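Input: a single structure, listed below in structure tokens.
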Amino acid sequence: MRDLPVVILTASVWAYWLGVGMMIVRARRKTRRLAGLVPEQRLERFMWVIWVPLVAAWIAIPYLALVRAHGPLALPAFVHEHPAYAWLRWVAAICAVLSLLLTSLVWSRMGTRWRMAVSLEGEGEIITDGPFRFVRHPIYALSMLLMMCSAIVVPNTPMLVVALVHLVLLQLKARNEEAHLLAVHGEVYRAYLAKTGRFFPRRD
């Protein structure tokens with residue numbers, strides 16, 4: 001339990017998913033809906049089959065790296081052998097905390113319009129201010145950052161596999177949501193697509 005970067009990362013990942021749970025409860029109380037906890041779209045149901053155990057692994061692996069000295073879930077020896085990598089892990093741990101804090105701000109901006117999956121019952125007004133002014137999926141971008149920080153702080157094989165699958169799924173989910181919103185909002189959303197980046201600000 002002495003590896004502080006892993007302790008910080010574990011706390012950040014657990015707090016992140018606790019925050020997701022709180023957002024679901026908040027949305028349920030105010031809208032009487034599950035905020036996409038149970039996907040309505042067939043593609044997203046398929047992704048959920050992969051994503052649920054993936055999230056469980058993401059929550060568990062950093063903690064297991066703290067308590068395992070040997071085996072595939074333990075930290076590789078090189079993380080402590082190279083001073084430069086030790087510093088990189090600290091940077092990643094701090095970035096994980098920043099990712100969590102920034103995500104909470106985006107959640108707050110979305111309010112009851114936050115959801116985990118596409119809603120087939122229609123969409124309200126598109127949010128285009130705050131961080132959405134620059135990127136279309138700030139929550140996904142920050143989730144990717146948190147996952148990359150996880151892979152740097154805990155670079156064992158299971159964590160690297162989880163990170164790779166997570167990044168691929170987020171790409172697919174973002175593209176699927178964009179196709180859905182384009183079908184619902186038409187030219188309004190097309191104009192928004194033209195001036196924003198998916199995960200990074202657009203370079204003009």
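Residue numbering restarts at 1 in every chain; chains get A, B, ... in the order shown in the structure tokens, and ligands count up from 1 in that same order.
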Give me the residues near Asp129 of chain A as a PyMOL selection string, where near means some atom within 12 Å (using only C-alpha atoms) and where sequence neighbours in that chain fewer than 3 positions away do not count.
chain A and resi 106+109-110+125-126+132-136+138+192+196
Take the selection from the previous step and output its residues with N, CA and C atoms, as a CSV table (one decimal), in the first residue's frame.
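Result file is selection.csv:
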chain,number,residue,atom,x,y,z
A,106,VAL,N,-18.1,19.1,-16.0
A,106,VAL,CA,-18.9,18.8,-17.2
A,106,VAL,C,-20.3,18.2,-16.8
A,109,ARG,N,-22.6,20.8,-15.7
A,109,ARG,CA,-23.1,21.6,-16.8
A,109,ARG,C,-24.2,20.8,-17.5
A,110,MET,N,-24.1,19.5,-17.6
A,110,MET,CA,-25.1,18.8,-18.3
A,110,MET,C,-26.4,18.6,-17.5
A,125,GLU,N,-32.4,20.1,-26.5
A,125,GLU,CA,-31.5,21.1,-27.1
A,125,GLU,C,-30.0,20.6,-27.0
A,126,ILE,N,-29.3,20.8,-28.0
A,126,ILE,CA,-27.9,20.4,-28.0
A,126,ILE,C,-27.1,21.4,-27.1
A,132,PHE,N,-18.3,22.1,-24.3
A,132,PHE,CA,-18.9,21.7,-25.5
A,132,PHE,C,-18.7,22.7,-26.7
A,133,ARG,N,-18.2,23.8,-26.3
A,133,ARG,CA,-17.9,24.8,-27.4
A,133,ARG,C,-16.7,24.4,-28.2
A,134,PHE,N,-15.8,23.6,-27.6
A,134,PHE,CA,-14.6,23.2,-28.2
A,134,PHE,C,-14.5,21.8,-28.7
A,135,VAL,N,-15.1,20.9,-27.9
A,135,VAL,CA,-15.2,19.5,-28.3
A,135,VAL,C,-16.6,18.9,-28.1
A,136,ARG,N,-16.9,17.9,-28.9
A,136,ARG,CA,-18.3,17.4,-28.8
A,136,ARG,C,-18.4,16.4,-27.7
A,138,PRO,N,-16.5,16.1,-24.4
A,138,PRO,CA,-15.5,16.3,-23.3
A,138,PRO,C,-15.5,15.2,-22.2
A,192,TYR,N,-22.7,22.2,-36.0
A,192,TYR,CA,-21.9,22.0,-34.8
A,192,TYR,C,-20.7,21.1,-35.0
A,196,THR,N,-16.4,22.0,-34.3
A,196,THR,CA,-15.8,21.4,-33.1
A,196,THR,C,-15.1,20.1,-33.4
Write out as a PyMOL selection string which residues come within 12 Å of Val20 of chain A when counting only C-alpha atoms, dropping same-chain ones fewer than 2 positions away.
chain A and resi 13-18+22-27+34-37+55+100+103-104+106-108+114-116+139+143
Distance criterion (only C-alpha atoms): nearest to Ile61 of chain A out of A:Trp90, A:Leu160, A:Met144, A:Leu182:
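Nearest to Ile61 of chain A: A:Leu160.
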For each of A:Arg45, A:Ser119, A:Pro158, A:Val153, take the minimum atom-to-atom distance to Tyr85 of chain A, counting only C-alpha atoms, then give the residue where this is smallest.
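Selected residue with least distance to Tyr85 of chain A: A:Val153.
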Minimum-distance residue to Pro5 of chain A, chosen among A:His137, A:Arg89, A:Arg175, A:Arg29 (using only C-alpha atoms):
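Of A:His137, A:Arg89, A:Arg175, A:Arg29, the one nearest Pro5 of chain A is A:Arg89, counting only C-alpha atoms.
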Tell me, as a PyMOL selection string, which residues lie within 6 Å of Ala65 of chain A, counting only C-alpha atoms; anything in the same chain fewer than 4 positions away does not count.
chain A and resi 73-75
Can you tell me, as a PyMOL selection string, what residues are no more than 9 Å from Ala141 of chain A when counting only C-alpha atoms, ignoring any on the same chain fewer than 5 positions away?
chain A and resi 135+146+170+198-200
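Here atom CA of Arg203 of chain A is placed at a distance of 15.7 Å from atom CA of Ala191 of chain A.
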Grab the atom CA of His185 of chain A to atom CA of Gly111 of chain A distance for me, in Å with one decimal place.
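Spanning atom CA of His185 of chain A to atom CA of Gly111 of chain A is a straight-line distance of 20.4 Å.
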Residue nearest Val79 of chain A among A:Arg202, A:Ile127, A:Gly197, A:Ile152 (counting only C-alpha atoms):
A:Ile152
Please extract the residues of chain A with a backbone DSSP assignment of alpha helix (DSSP H) and present them as a ChimeraX atom specification.
/A:4-31,42-67,78-81,83-110,138-153,157-185,187-195
Distance criterion (only C-alpha atoms): nearest to Ala86 of chain A out of A:Leu54, A:Leu4, A:Leu43, A:Leu98
A:Leu4
Have a look at A:Leu142, A:Cys95, A:Leu172, A:Ala179 and name the one nearest to Leu193 of chain A; count only C-alpha atoms.
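Of A:Leu142, A:Cys95, A:Leu172, A:Ala179, the one nearest Leu193 of chain A is A:Ala179, counting only C-alpha atoms.
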I'd like the interatomic distance between atom CA of Pro53 of chain A and atom CA of Lys30 of chain A, to a tenth of an Å.
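Value for the atom CA of Pro53 of chain A-atom CA of Lys30 of chain A distance: 28.3 Å.
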